[in-house]
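J.: Following this line is data-v3.cif, made up of mmCIF, C-alpha atoms:
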```cif
data_coords
#
loop_
_atom_site.label_atom_id
_atom_site.label_comp_id
_atom_site.auth_asym_id
_atom_site.auth_seq_id
_atom_site.Cartn_x
_atom_site.Cartn_y
_atom_site.Cartn_z
CA MET N 1 0.00 0.00 0.00
CA ILE N 2 1.19 3.52 -0.78
CA ALA N 3 2.12 5.56 2.31
CA GLY N 4 0.06 8.63 1.50
CA LYS N 5 -0.97 10.70 -1.43
CA VAL N 6 -1.90 14.31 -1.89
CA PHE N 7 -4.38 15.22 -4.57
CA LYS N 8 -6.59 18.08 -5.54
CA ALA N 9 -10.28 17.97 -4.85
CA ARG N 10 -12.57 20.61 -6.27
CA CYS N 11 -15.64 21.43 -4.22
CA GLN N 12 -18.72 20.59 -6.26
CA ARG N 13 -20.67 23.42 -4.76
CA CYS N 14 -18.37 26.46 -4.53
CA GLY N 15 -15.59 25.30 -6.87
CA ALA N 16 -12.78 25.92 -4.37
CA GLU N 17 -9.80 23.66 -4.86
CA HIS N 18 -8.31 21.91 -1.85
CA LEU N 19 -5.28 19.75 -1.31
CA VAL N 20 -6.39 16.55 0.33
CA GLU N 21 -4.06 13.93 1.78
CA ALA N 22 -5.20 10.35 1.97
CA SER N 23 -3.39 7.25 3.15
CA LYS N 24 -6.08 4.59 2.81
CA PRO N 25 -8.21 3.42 -0.07
CA GLY N 26 -11.96 3.33 0.26
CA LEU N 27 -14.60 5.86 1.02
CA LEU N 28 -13.85 9.16 2.71
CA LEU N 29 -16.03 12.08 3.62
CA PHE N 30 -14.57 15.43 2.69
CA VAL N 31 -15.94 18.70 4.04
CA CYS N 32 -15.00 21.82 2.06
CA SER N 33 -13.35 24.48 4.23
CA SER N 34 -14.75 27.28 2.06
CA CYS N 35 -18.44 26.48 2.01
CA GLY N 36 -18.89 23.44 4.30
CA ALA N 37 -20.29 21.23 1.54
CA GLN N 38 -19.89 17.52 2.24
CA HIS N 39 -18.54 15.18 -0.43
CA ALA N 40 -17.98 11.47 -0.68
CA LEU N 41 -14.53 10.58 -2.05
CA LEU N 42 -13.85 7.13 -3.37
CA LEU N 43 -10.19 6.13 -3.63
CA ASP N 44 -8.87 3.01 -5.30
CA GLN N 45 -5.99 0.85 -4.09
CA ASN N 46 -3.47 3.23 -5.73
CA LEU N 47 -5.13 6.10 -3.86
CA ASP N 48 -6.37 7.53 -7.13
CA LEU N 49 -9.62 9.40 -6.97
CA ARG N 50 -12.40 7.35 -8.55
CA ASP N 51 -15.39 9.38 -7.53
CA LEU N 52 -16.19 12.69 -5.90
CA ARG N 53 -19.81 13.27 -5.14
CA LEU N 54 -21.64 16.10 -3.40
CA LEU N 55 -23.77 14.91 -0.50
CA GLU N 56 -26.77 16.55 1.01
CA ALA N 57 -25.62 17.74 4.42
CA VAL N 58 -27.71 16.91 7.44
CA GLU N 59 -25.71 18.68 10.08
CA ALA N 60 -22.80 21.02 9.60
CA MET N 61 -19.42 19.42 10.22
CA PRO N 62 -15.97 20.93 10.72
CA ALA N 63 -13.92 21.02 7.51
CA GLY N 64 -11.63 18.07 6.96
CA VAL N 65 -11.44 14.50 5.77
CA TYR N 66 -13.30 11.77 7.66
CA GLU N 67 -13.49 8.03 7.40
CA VAL N 68 -16.09 5.66 8.76
CA SER N 69 -14.71 4.08 11.88
CA VAL N 70 -15.74 0.45 12.27
CA THR N 71 -14.70 -0.87 15.64
CA ASP N 72 -16.03 -3.41 18.08
CA ASP N 73 -18.46 -0.89 19.47
CA THR N 74 -20.06 -0.19 16.10
CA PRO N 75 -23.73 -1.11 16.33
CA THR N 76 -24.07 -4.67 15.21
CA THR N 77 -26.81 -4.09 12.69
CA LEU N 78 -24.60 -1.59 10.90
CA ARG N 79 -21.20 -3.18 11.24
CA ASP N 80 -21.16 -5.18 7.99
CA LEU N 81 -22.69 -2.37 6.02
CA LEU N 82 -20.32 0.27 7.31
CA ALA N 83 -17.33 -2.06 6.88
CA ARG N 84 -18.35 -2.48 3.27
CA LEU N 85 -18.68 1.27 2.92
CA LYS N 86 -15.31 1.86 4.54
CA SER N 87 -13.56 -0.51 2.19
CA GLY N 88 -15.03 1.29 -0.78
CA GLY N 89 -17.94 -1.03 -1.53
CA ARG N 90 -20.71 1.21 -2.75
CA LEU N 91 -23.96 1.21 -0.89
CA GLU N 92 -26.86 2.40 -2.94
CA ASP N 93 -27.96 4.67 -0.18
CA LEU N 94 -24.63 6.21 0.62
CA GLU N 95 -26.08 9.33 2.20
CA SER N 96 -28.23 7.41 4.65
CA ALA N 97 -25.28 5.33 5.78
CA LEU N 98 -23.08 8.40 6.25
CA ARG N 99 -25.84 10.27 8.09
CA LEU N 100 -26.24 7.37 10.49
CA ALA N 101 -22.50 7.09 10.96
CA ARG N 102 -22.33 10.81 11.64
CA ARG N 103 -25.19 10.74 14.15
CA LEU N 104 -23.81 7.75 15.99
CA GLY N 105 -20.37 9.28 16.21
CA LEU N 106 -18.76 6.77 13.87
CA LEU N 107 -16.95 9.22 11.62
CA ARG N 108 -13.30 9.72 12.48
CA VAL N 109 -11.18 12.64 11.30
CA VAL N 110 -8.23 11.47 9.25
CA GLY N 111 -7.01 14.71 7.70
CA MET F 1 -42.78 -21.65 19.00
CA ARG F 2 -41.17 -21.31 22.39
CA GLU F 3 -37.94 -22.94 21.25
CA LYS F 4 -37.32 -19.97 18.95
CA LEU F 5 -36.94 -17.85 22.04
CA SER F 6 -34.74 -20.25 23.89
CA PHE F 7 -31.24 -18.99 24.48
CA LEU F 8 -30.16 -22.62 24.61
CA SER F 9 -31.26 -23.17 21.03
CA LEU F 10 -29.19 -20.15 19.98
CA ALA F 11 -26.25 -21.60 21.89
CA VAL F 12 -26.56 -24.85 19.95
CA LYS F 13 -26.93 -23.15 16.58
CA GLU F 14 -24.52 -20.24 17.01
CA PRO F 15 -22.35 -20.82 20.06
CA GLY F 16 -20.02 -17.89 19.35
CA LYS F 17 -22.89 -15.43 19.19
CA ALA F 18 -24.55 -16.89 22.27
CA LEU F 19 -21.32 -16.68 24.25
CA LYS F 20 -20.83 -13.07 23.27
CA ILE F 21 -24.40 -12.17 24.24
CA ALA F 22 -23.97 -13.90 27.59
CA ARG F 23 -20.70 -12.06 28.16
CA LEU F 24 -22.23 -8.68 27.29
CA ALA F 25 -25.13 -9.30 29.67
CA ARG F 26 -22.82 -10.39 32.47
CA GLU F 27 -20.51 -7.42 32.03
CA PHE F 28 -23.42 -5.00 31.96
CA ARG F 29 -24.82 -6.45 35.19
CA GLN F 30 -21.44 -6.31 36.90
CA LEU F 31 -20.88 -2.73 35.85
CA ALA F 32 -24.34 -1.51 36.84
CA LEU F 33 -24.31 -3.36 40.17
CA TYR F 34 -20.88 -2.06 41.09
CA LYS F 35 -21.91 1.49 40.34
CA LEU F 36 -25.23 1.07 42.14
CA VAL F 37 -23.51 0.01 45.36
CA ASP F 38 -20.88 2.73 44.95
CA VAL F 39 -23.58 5.42 44.78
CA LEU F 40 -25.97 4.08 47.41
CA GLU F 41 -23.58 2.58 49.93
CA HIS F 42 -23.92 5.35 52.51
CA GLN F 43 -27.65 5.71 52.14
CA LEU F 44 -28.66 2.12 52.70
CA ASN F 45 -29.33 2.65 56.41
CA ARG F 46 -32.44 4.60 55.40
CA PRO F 47 -35.56 2.41 55.32
CA TRP F 48 -37.02 2.24 51.84
CA THR F 49 -40.21 3.80 53.18
CA SER F 50 -38.35 6.98 54.12
CA TRP F 51 -37.54 7.87 50.50
CA PRO F 52 -40.09 10.11 48.78
CA ASP F 53 -40.09 7.83 45.71
CA LYS F 54 -40.99 4.68 47.65
CA GLU F 55 -41.82 2.50 44.68
CA PHE F 56 -38.42 3.10 43.10
CA ALA F 57 -36.64 2.71 46.46
CA PHE F 58 -38.30 -0.66 47.02
CA LEU F 59 -37.29 -1.82 43.55
CA LEU F 60 -33.68 -0.73 44.04
CA TYR F 61 -33.35 -2.25 47.50
CA GLY F 62 -34.89 -5.44 46.15
CA VAL F 63 -32.30 -5.55 43.36
CA LEU F 64 -29.44 -5.24 45.85
CA VAL F 65 -30.84 -8.06 48.00
CA GLU F 66 -31.55 -10.33 45.04
CA GLU F 67 -28.06 -9.81 43.69
CA GLY F 68 -26.70 -10.89 47.07
CA VAL F 69 -24.86 -7.68 47.91
CA ALA F 70 -27.17 -6.57 50.75
CA ARG F 71 -29.47 -7.99 53.41
CA TRP F 72 -32.78 -6.65 54.68
CA ARG F 73 -32.93 -5.23 58.19
CA GLU F 74 -36.21 -5.35 60.09
CA ASP F 75 -36.92 -1.65 59.65
CA GLY F 76 -36.75 -1.89 55.85
CA SER F 77 -33.21 -0.56 55.53
CA LEU F 78 -30.31 -2.58 54.15
CA GLU F 79 -27.06 -3.90 55.46
CA LEU F 80 -24.25 -4.32 52.95
CA ALA F 81 -23.36 -8.01 52.73
CA ARG F 82 -20.54 -7.81 50.22
CA ARG F 83 -19.07 -5.26 47.91
CA PRO F 84 -19.37 -6.27 44.24
CA GLU F 85 -16.13 -6.78 42.39
CA PRO F 86 -15.20 -3.87 40.15
CA PRO F 87 -15.63 -4.95 36.53
CA ARG F 88 -12.14 -5.88 35.39
CA SER F 89 -12.36 -6.07 31.64
CA LEU F 90 -15.18 -4.74 29.55
CA SER F 91 -15.96 -5.46 25.95
CA PRO F 92 -15.98 -2.27 23.87
CA GLU F 93 -19.77 -2.28 23.55
CA VAL F 94 -20.23 -2.19 27.30
CA ALA F 95 -17.20 0.02 27.97
CA ASP F 96 -18.66 2.66 25.70
CA PHE F 97 -21.93 2.52 27.58
CA ALA F 98 -20.16 2.75 30.95
CA VAL F 99 -20.30 6.56 30.66
CA VAL F 100 -24.08 6.42 30.47
CA VAL F 101 -24.33 4.02 33.40
CA GLU F 102 -21.97 6.19 35.44
CA ARG F 103 -23.76 9.48 34.82
CA ALA F 104 -27.24 8.03 35.09
CA LEU F 105 -26.62 6.21 38.34
CA ASN F 106 -24.97 9.29 39.84
CA MET F 107 -28.43 10.82 39.67
CA LEU F 108 -29.98 7.97 41.67
CA PRO F 109 -30.14 9.74 45.07
CA GLU F 110 -31.96 12.66 43.45
CA ALA F 111 -34.36 10.28 41.76
CA LEU F 112 -35.03 8.58 45.10
CA GLU F 113 -35.75 11.99 46.60
CA GLY F 114 -38.42 12.41 43.94
CA ARG F 115 -36.42 14.94 41.96
CA ARG F 116 -35.92 12.94 38.81
CA ARG F 117 -34.28 14.96 36.07
CA TYR F 118 -34.82 13.74 32.57
CA PHE F 119 -31.64 12.58 30.99
CA ALA F 120 -31.35 14.84 28.00
CA GLU F 121 -27.69 15.17 27.12
CA LYS F 122 -27.53 14.44 23.44
CA ASP F 123 -24.18 12.67 23.36
CA LEU F 124 -25.25 10.29 26.10
CA LEU F 125 -28.56 9.59 24.46
CA LEU F 126 -26.64 8.70 21.33
CA LEU F 127 -24.46 6.33 23.31
CA TYR F 128 -27.62 4.81 24.70
CA ALA F 129 -29.01 4.51 21.17
CA LYS F 130 -25.81 2.82 20.10
CA PHE F 131 -25.98 0.45 23.03
CA LEU F 132 -29.57 -0.51 22.16
CA ASP F 133 -28.18 -1.78 18.86
CA ASN F 134 -26.31 -4.56 20.63
CA LEU F 135 -26.01 -8.19 19.66
CA GLY F 136 -28.23 -9.54 22.42
CA TYR F 137 -31.10 -7.11 22.05
CA ASN F 138 -31.03 -7.42 18.26
CA TRP F 139 -31.26 -11.18 18.53
CA PHE F 140 -34.08 -10.86 21.04
CA ARG F 141 -36.07 -8.36 18.93
CA GLY F 142 -36.07 -10.70 15.95
CA ALA F 143 -36.76 -13.82 18.03
CA ALA F 144 -39.57 -12.23 20.03
CA LEU F 145 -41.34 -10.72 17.04
CA GLY F 146 -40.89 -13.95 15.09
CA ALA F 147 -42.48 -15.91 17.90
CA ILE F 148 -45.39 -13.60 18.55
CA LEU F 149 -46.52 -12.42 15.10
CA PRO F 150 -48.78 -14.86 13.26
CA ARG F 151 -47.26 -16.37 10.14
CA GLU F 152 -50.04 -15.18 7.84
CA LEU F 153 -49.36 -11.61 8.92
CA ARG F 154 -45.63 -11.93 8.33
CA THR F 155 -45.98 -13.36 4.85
CA ARG F 156 -48.68 -11.08 3.45
CA ARG F 157 -47.37 -8.39 1.09
CA ASP F 158 -50.41 -6.18 1.61
CA ALA F 159 -50.21 -6.21 5.42
CA VAL F 160 -49.78 -2.89 7.20
CA ILE F 161 -48.06 -3.09 10.59
CA VAL F 162 -47.58 -0.10 12.86
CA ASP F 163 -44.44 0.07 14.95
CA VAL F 164 -45.64 2.23 17.82
CA GLY F 165 -42.84 4.10 19.61
CA ALA F 166 -40.30 3.19 16.96
CA GLY F 167 -37.46 5.19 18.52
CA ILE F 168 -34.43 5.30 16.26
CA GLY F 169 -35.86 2.47 14.18
CA LEU F 170 -34.23 -0.69 15.52
CA SER F 171 -37.56 -2.40 16.14
CA THR F 172 -38.75 -1.06 12.77
CA VAL F 173 -35.86 -2.68 10.94
CA ALA F 174 -36.45 -5.94 12.82
CA LEU F 175 -40.11 -5.81 11.74
CA LEU F 176 -39.24 -4.94 8.14
CA GLU F 177 -36.84 -7.85 7.94
CA LEU F 178 -39.36 -10.23 9.42
CA THR F 179 -42.37 -9.25 7.34
CA ARG F 180 -43.24 -8.62 3.71
CA GLY F 181 -45.74 -5.80 4.10
CA VAL F 182 -45.59 -2.10 4.91
CA VAL F 183 -44.37 -0.97 8.32
CA VAL F 184 -45.44 2.42 9.66
CA ALA F 185 -42.98 3.76 12.24
CA VAL F 186 -44.65 6.08 14.73
CA ASP F 187 -42.56 8.26 17.03
CA PRO F 188 -42.96 11.76 18.48
CA LEU F 189 -39.47 12.91 17.49
CA GLU F 190 -38.71 13.78 13.87
CA GLU F 191 -35.02 13.14 14.53
CA ASN F 192 -35.80 9.55 15.53
CA LEU F 193 -37.91 9.06 12.42
CA GLU F 194 -35.05 10.35 10.26
CA MET F 195 -32.76 7.78 11.84
CA ALA F 196 -35.38 5.09 11.31
CA ARG F 197 -35.53 6.03 7.61
CA ASP F 198 -31.74 5.90 7.38
CA TYR F 199 -31.55 2.54 9.15
CA ALA F 200 -34.16 1.17 6.76
CA ALA F 201 -32.28 2.60 3.78
CA VAL F 202 -28.97 0.97 4.68
CA HIS F 203 -30.82 -2.32 5.15
CA ARG F 204 -32.45 -1.77 1.74
CA VAL F 205 -36.00 -2.03 3.04
CA GLN F 206 -36.96 1.66 2.92
CA HIS F 207 -39.51 1.11 0.13
CA ARG F 208 -41.76 -0.66 2.67
CA LEU F 209 -41.35 1.97 5.38
CA ARG F 210 -43.72 4.84 6.16
CA THR F 211 -43.21 7.21 9.04
CA LEU F 212 -45.68 9.16 11.12
CA ARG F 213 -45.00 11.67 13.84
CA GLY F 214 -47.08 11.12 16.94
CA TYR F 215 -47.24 9.80 20.45
CA ALA F 216 -48.42 6.26 21.18
CA GLU F 217 -51.33 7.82 23.02
CA ASP F 218 -52.59 10.04 20.19
CA PHE F 219 -51.29 9.02 16.75
CA ARG F 220 -53.89 8.48 14.07
CA LEU F 221 -53.42 6.49 10.84
CA ASP F 222 -55.35 7.35 7.67
CA ALA F 223 -56.69 3.80 7.50
CA PRO F 224 -56.69 1.05 10.16
CA ALA F 225 -53.65 -1.23 10.12
CA ASP F 226 -53.56 -5.02 10.29
CA ALA F 227 -51.45 -5.02 13.42
CA ALA F 228 -49.80 -2.71 15.90
CA VAL F 229 -46.55 -3.66 17.62
CA LEU F 230 -45.25 -2.13 20.85
CA LEU F 231 -41.76 -3.35 21.61
CA ASN F 232 -40.72 -2.23 25.08
CA VAL F 233 -42.59 1.02 24.67
CA LEU F 234 -45.14 1.09 27.48
CA HIS F 235 -42.68 2.14 30.19
CA TRP F 236 -41.70 5.16 28.05
CA CYS F 237 -45.32 6.31 27.69
CA ASN F 238 -46.93 8.92 29.93
CA ASN F 239 -50.10 6.89 29.92
CA PRO F 240 -49.51 3.21 29.04
CA ARG F 241 -53.20 2.34 29.23
CA LEU F 242 -54.06 5.06 26.73
CA ALA F 243 -51.19 3.92 24.51
CA VAL F 244 -52.66 0.40 24.39
CA ARG F 245 -56.14 1.79 23.72
CA ASN F 246 -55.03 4.13 20.97
CA SER F 247 -52.84 1.49 19.31
CA ALA F 248 -55.79 -0.92 19.27
CA ASP F 249 -58.03 1.86 17.89
CA ASN F 250 -55.68 2.13 14.90
CA VAL F 251 -56.03 -1.56 14.09
CA ARG F 252 -58.87 -2.98 12.00
CA SER F 253 -61.41 -5.29 13.57
CA GLY F 254 -59.92 -8.78 13.67
CA GLY F 255 -56.38 -7.39 13.52
CA TYR F 256 -53.64 -7.87 16.10
CA LEU F 257 -51.98 -5.98 18.87
CA ALA F 258 -48.55 -7.43 19.69
CA ILE F 259 -46.84 -6.25 22.84
CA VAL F 260 -43.32 -7.20 23.86
CA GLN F 261 -42.73 -5.65 27.24
CA VAL F 262 -40.34 -5.99 30.17
CA VAL F 263 -42.29 -6.70 33.34
CA ARG F 264 -40.89 -6.12 36.74
CA ASP F 265 -41.91 -9.55 38.01
CA GLU F 266 -38.75 -10.83 36.32
CA ARG F 267 -35.67 -10.45 38.47
CA THR F 268 -33.33 -10.19 35.49
CA VAL F 269 -34.82 -6.97 34.16
CA ARG F 270 -34.99 -4.96 37.38
CA LEU F 271 -31.45 -3.62 37.23
CA GLY F 272 -31.94 -2.40 33.67
CA ALA F 273 -35.35 -1.00 34.65
CA ALA F 274 -33.71 1.09 37.39
CA LEU F 275 -31.33 2.53 34.83
CA THR F 276 -33.99 3.45 32.30
CA TYR F 277 -36.10 4.93 35.11
CA VAL F 278 -33.31 7.37 35.86
CA LEU F 279 -33.03 8.07 32.13
CA GLY F 280 -36.68 9.14 32.11
CA SER F 281 -38.88 6.07 31.68
CA ARG F 282 -41.57 4.82 34.07
CA LEU F 283 -41.07 1.64 36.04
CA PRO F 284 -42.15 -1.31 33.88
CA PRO F 285 -45.60 -2.70 34.61
CA THR F 286 -46.07 -5.95 36.47
CA ARG F 287 -47.29 -8.93 34.46
CA GLY F 288 -50.73 -8.54 36.01
CA GLU F 289 -50.91 -4.85 35.12
CA LEU F 290 -49.84 -5.57 31.56
CA LEU F 291 -52.42 -8.29 30.97
CA GLY F 292 -55.00 -6.26 32.87
CA MET F 293 -54.65 -3.22 30.68
CA ILE F 294 -54.91 -5.35 27.54
CA ARG F 295 -58.02 -7.22 28.72
CA GLU F 296 -59.71 -4.11 30.10
CA GLU F 297 -59.58 -2.61 26.61
CA GLY F 298 -61.72 -5.52 25.44
CA LEU F 299 -58.89 -7.25 23.57
CA ARG F 300 -58.69 -11.02 23.51
CA VAL F 301 -55.30 -12.42 24.46
CA GLU F 302 -54.42 -15.18 21.99
CA ARG F 303 -50.80 -15.84 22.97
CA HIS F 304 -48.79 -14.99 26.00
CA TYR F 305 -45.19 -16.06 26.50
CA ALA F 306 -43.23 -15.09 29.57
CA SER F 307 -39.46 -14.98 29.30
CA PRO F 308 -36.80 -13.60 31.64
CA ALA F 309 -36.18 -10.74 29.18
CA SER F 310 -39.72 -9.66 28.31
CA ASP F 311 -43.29 -10.83 28.19
CA MET F 312 -44.85 -11.29 24.78
CA VAL F 313 -48.56 -10.88 24.27
CA LEU F 314 -50.55 -11.22 21.09
CA ALA F 315 -54.10 -9.91 21.40
CA ARG F 316 -56.91 -9.82 18.86
CA VAL F 317 -58.85 -6.60 18.30
CA PRO F 318 -62.61 -7.34 18.42
#
```
What is this structure when it is put down as structure tokens?

T.:
Amino acid sequence: MIAGKVFKARCQRCGAEHLVEASKPGLLLFVCSSCGAQHALLLDQNLDLRDLRLLEAVEAMPAGVYEVSVTDDTPTTLRDLLARLKSGGRLEDLESALRLARRLGLLRVVG
Amino acid sequence: MREKLSFLSLAVKEPGKALKIARLAREFRQLALYKLVDVLEHQLNRPWTSWPDKEFAFLLYGVLVEEGVARWREDGSLELARRPEPPRSLSPEVADFAVVVERALNMLPEALEGRRRYFAEKDLLLLYAKFLDNLGYNWFRGAALGAILPRELRTRRDAVIVDVGAGIGLSTVALLELTRGVVVAVDPLEENLEMARDYAAVHRVQHRLRTLRGYAEDFRLDAPADAAVLLNVLHWCNNPRLAVRNSADNVRSGGYLAIVQVVRDERTVRLGAALTYVLGSRLPPTRGELLGMIREEGLRVERHYASPASDMVLARVP
């Protein structure tokens, strides 16, 4: 696995460009520091950006990059689903899964 | 039908899961009991009758005696028999919830004095919500609903089932996974209903979910449902009797009212009941009160299973 990679992400709402550093493949949540818009980033195994999608925000979040944290205390009904999400497997209802993760405190800042 | 609810049958089929559930339950009991004694130790020389909230005091004192950590004195006070061991290692699910147990039980003396403050800190409620989604309770929800709901209701695609007091949607998801029809989640808080919708969406069953904002005591469906389900809801209602009546009123004639409810006759639930009481619930009804309020509404009880975790009643609406 590559140690870390910096790439440019353009906010889909305000157009501001940000330098984002990622060290793990899979799905990340990126919050634009200019306008607060939330985006889903999908990175492949080479940490290349495969998808950048604007999400409908539920609650404002501090700017930064977040990943879904799946630990032993993750609610059991969500564990498999969130693990799949974390590894980059696409859930059809991505926004619902991220909203739940956010509300249950399962999003962890990674950058 | 009863074997579905047997923990032993789970242990035979899925020993790993059963062991983990048993460990979670044991750790939770240890933690709660240790904290309970820690908070009440210096107040036990007061007879239970001297506390303003006598009913709660009697329940708590009873828990300490039943768990073997205290003995009754003649005047109704307690003598500490042994100090519970501090919980040594906790699984992450219980460790996370330890904050809730700690803060809630710190408020016990105030609750006993009749000054119960509702537990409204959002982060702790979220921890509580997360804890409710634990392996044991999830297994029990599915097993209990599977045992109590008639097969024809579960398999019908046109059935409409109301989940009264849906909360964040854990019982709703259990119902959606168990049935083929539409489930209407009813809860007074829009935030809870949003979570219920999200839970249903990640389980890919949202197309069969409807939501309705309302209290168990006053919600009104557009058309009567085939069944109403109340899963451990009555002790969170201001008026449980009215909740039963209103739920039955929203069910068509010949439909079902299914109630899964902790009752305080069962020793195993009293410790948990004390905790939820401090968090803002009522004390759970006794088995007699539960069956009484169902029968007094003119409903015919068709099935009744008693288990150490909850009682399950299926009643027919006349």

J.: For this structure, which residues satisfy the selection - the PyMOL selection byres ((chain F) within 12 of (chain N)) - when it is evaluated on the file as given? I want them as a count of residues only.

T.: 55

J.: Might you pull out every residue within 12 Å of Arg117 in chain F, with all atoms listed in the file counted and same-chain residues fewer than 6 positions away left off, and present them as a short mmCIF file (atom, residue, chain, number, x, y, z; two decimals) with C-alpha atoms, keeping the file's coordinate frame?

T.:
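So the final result, stored in selection_10.cif, reads:
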```
data_model
loop_
_atom_site.label_atom_id
_atom_site.label_comp_id
_atom_site.auth_asym_id
_atom_site.auth_seq_id
_atom_site.Cartn_x
_atom_site.Cartn_y
_atom_site.Cartn_z
CA ARG F 103 -23.76 9.48 34.82
CA ALA F 104 -27.24 8.03 35.09
CA LEU F 105 -26.62 6.21 38.34
CA ASN F 106 -24.97 9.29 39.84
CA MET F 107 -28.43 10.82 39.67
CA LEU F 108 -29.98 7.97 41.67
CA PRO F 109 -30.14 9.74 45.07
CA GLU F 110 -31.96 12.66 43.45
CA ALA F 111 -34.36 10.28 41.76
CA TYR F 277 -36.10 4.93 35.11
CA VAL F 278 -33.31 7.37 35.86
CA LEU F 279 -33.03 8.07 32.13
CA GLY F 280 -36.68 9.14 32.11
CA SER F 281 -38.88 6.07 31.68
#
```

J.: Choose the residue, out of N:Gln38, N:Ser87, N:Asn46, N:Ser33, that has the smallest atom-to-atom separation from Ala63 in chain N; count only C-alpha atoms.

T.: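 Using only C-alpha atoms, Ala63 in chain N sits closest to N:Ser33.
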
J.: Need the shell around Leu212 in chain F: protein/DNA/RNA residues with any atom at most 10 Å away, counting all atoms listed in the file. Skip same-chain ones fewer than 4 positions apart. Format as an MDAnalysis selection string?

T.: chainID F and resid 162:164 166 184:190 193 219:221

J.: Which residues match the PyMOL selection byres ((chain F and resi 253) around 10) in the file above, as a ChimeraX atom specification?

T.: /F:224-227,248-252,254-256,316-318

J.: Fewer than 6 positions away in the same chain doesn't count, so skip those; otherwise give me all residues within 6 Å of range 260-273 of chain F, counting all atoms listed in the file, as a VMD selection string.

T.: chain F and resid 231 to 232 284 to 287 308 310 to 312

J.: Near range 42-45 of chain F, within 8 Å and counting only C-alpha atoms, which residues show up once chain neighbours fewer than 4 positions away are dropped, as a list in words?

T.: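 Skipping anything fewer than 4 positions along the chain leaves Ser77, Leu78, Glu79 and Leu80 of chain F.
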
J.: Can you write out the residues you just picked, keeping C-alpha atoms, as a JSON list (two decimals), in the coordinates of the input?

T.:
```json
[["chain", "number", "residue", "atom", "x", "y", "z"],
["F", 77, "SER", "CA", -33.21, -0.56, 55.53],
["F", 78, "LEU", "CA", -30.31, -2.58, 54.15],
["F", 79, "GLU", "CA", -27.06, -3.90, 55.46],
["F", 80, "LEU", "CA", -24.25, -4.32, 52.95]]
```

J.: Nearest to Val70 in chain N: which of N:Arg53, N:Arg102, N:His18, N:Lys86 is it, counting only C-alpha atoms?

T.: N:Lys86

J.: Which value, in Å to one decimal, gives the distance between CA of Phe56 in chain F and CA of Leu112 in chain F?

T.: 6.7 Å

J.: For CA of Ala144 in chain F and CA of Gly181 in chain F, quote the distance in Å rounded to one decimal.

T.: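 A separation of 18.3 Å between them.
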
J.: So which residues touch Lys5 in chain N within 10 Å, counting all atoms listed in the file, skipping near sequence neighbours fewer than 3 positions away, as a VMD selection string?

T.: chain N and resid 2 20 to 24 46 to 48

J.: Between CA of Tyr215 in chain F and CA of Arg245 in chain F, what distance in Å does the model show, to one decimal?

T.: 12.4 Å

J.: So which one's closest to Gly89 in chain N, N:Cys32, N:Val6, N:Leu42, N:Met61? Using only C-alpha atoms, please.

T.: N:Leu42

J.: Quick one: range 74-84 of chain N with N, CA and C atoms, as a short mmCIF file (atom, residue, chain, number, x, y, z; two decimals), in the frame of the given file?

T.:
```
data_model
loop_
_atom_site.label_atom_id
_atom_site.label_comp_id
_atom_site.auth_asym_id
_atom_site.auth_seq_id
_atom_site.Cartn_x
_atom_site.Cartn_y
_atom_site.Cartn_z
N THR N 74 -19.12 -0.58 17.15
CA THR N 74 -20.06 -0.19 16.10
C THR N 74 -21.33 -1.00 16.27
N PRO N 75 -22.49 -0.34 16.19
CA PRO N 75 -23.73 -1.11 16.33
C PRO N 75 -23.75 -2.32 15.41
N THR N 76 -24.21 -3.43 15.96
CA THR N 76 -24.07 -4.67 15.21
C THR N 76 -24.87 -4.70 13.92
N THR N 77 -26.02 -4.03 13.92
CA THR N 77 -26.81 -4.09 12.69
C THR N 77 -26.13 -3.32 11.57
N LEU N 78 -25.22 -2.42 11.93
CA LEU N 78 -24.60 -1.59 10.90
C LEU N 78 -23.19 -2.02 10.56
N ARG N 79 -22.64 -2.92 11.36
CA ARG N 79 -21.20 -3.18 11.24
C ARG N 79 -20.81 -3.65 9.84
N ASP N 80 -21.53 -4.65 9.31
CA ASP N 80 -21.16 -5.18 7.99
C ASP N 80 -21.31 -4.12 6.92
N LEU N 81 -22.41 -3.37 7.04
CA LEU N 81 -22.69 -2.37 6.02
C LEU N 81 -21.63 -1.27 6.03
N LEU N 82 -21.29 -0.81 7.22
CA LEU N 82 -20.32 0.27 7.31
C LEU N 82 -18.92 -0.23 6.95
N ALA N 83 -18.64 -1.50 7.26
CA ALA N 83 -17.33 -2.06 6.88
C ALA N 83 -17.22 -2.10 5.36
N ARG N 84 -18.33 -2.43 4.73
CA ARG N 84 -18.35 -2.48 3.27
C ARG N 84 -18.15 -1.07 2.70
#
```
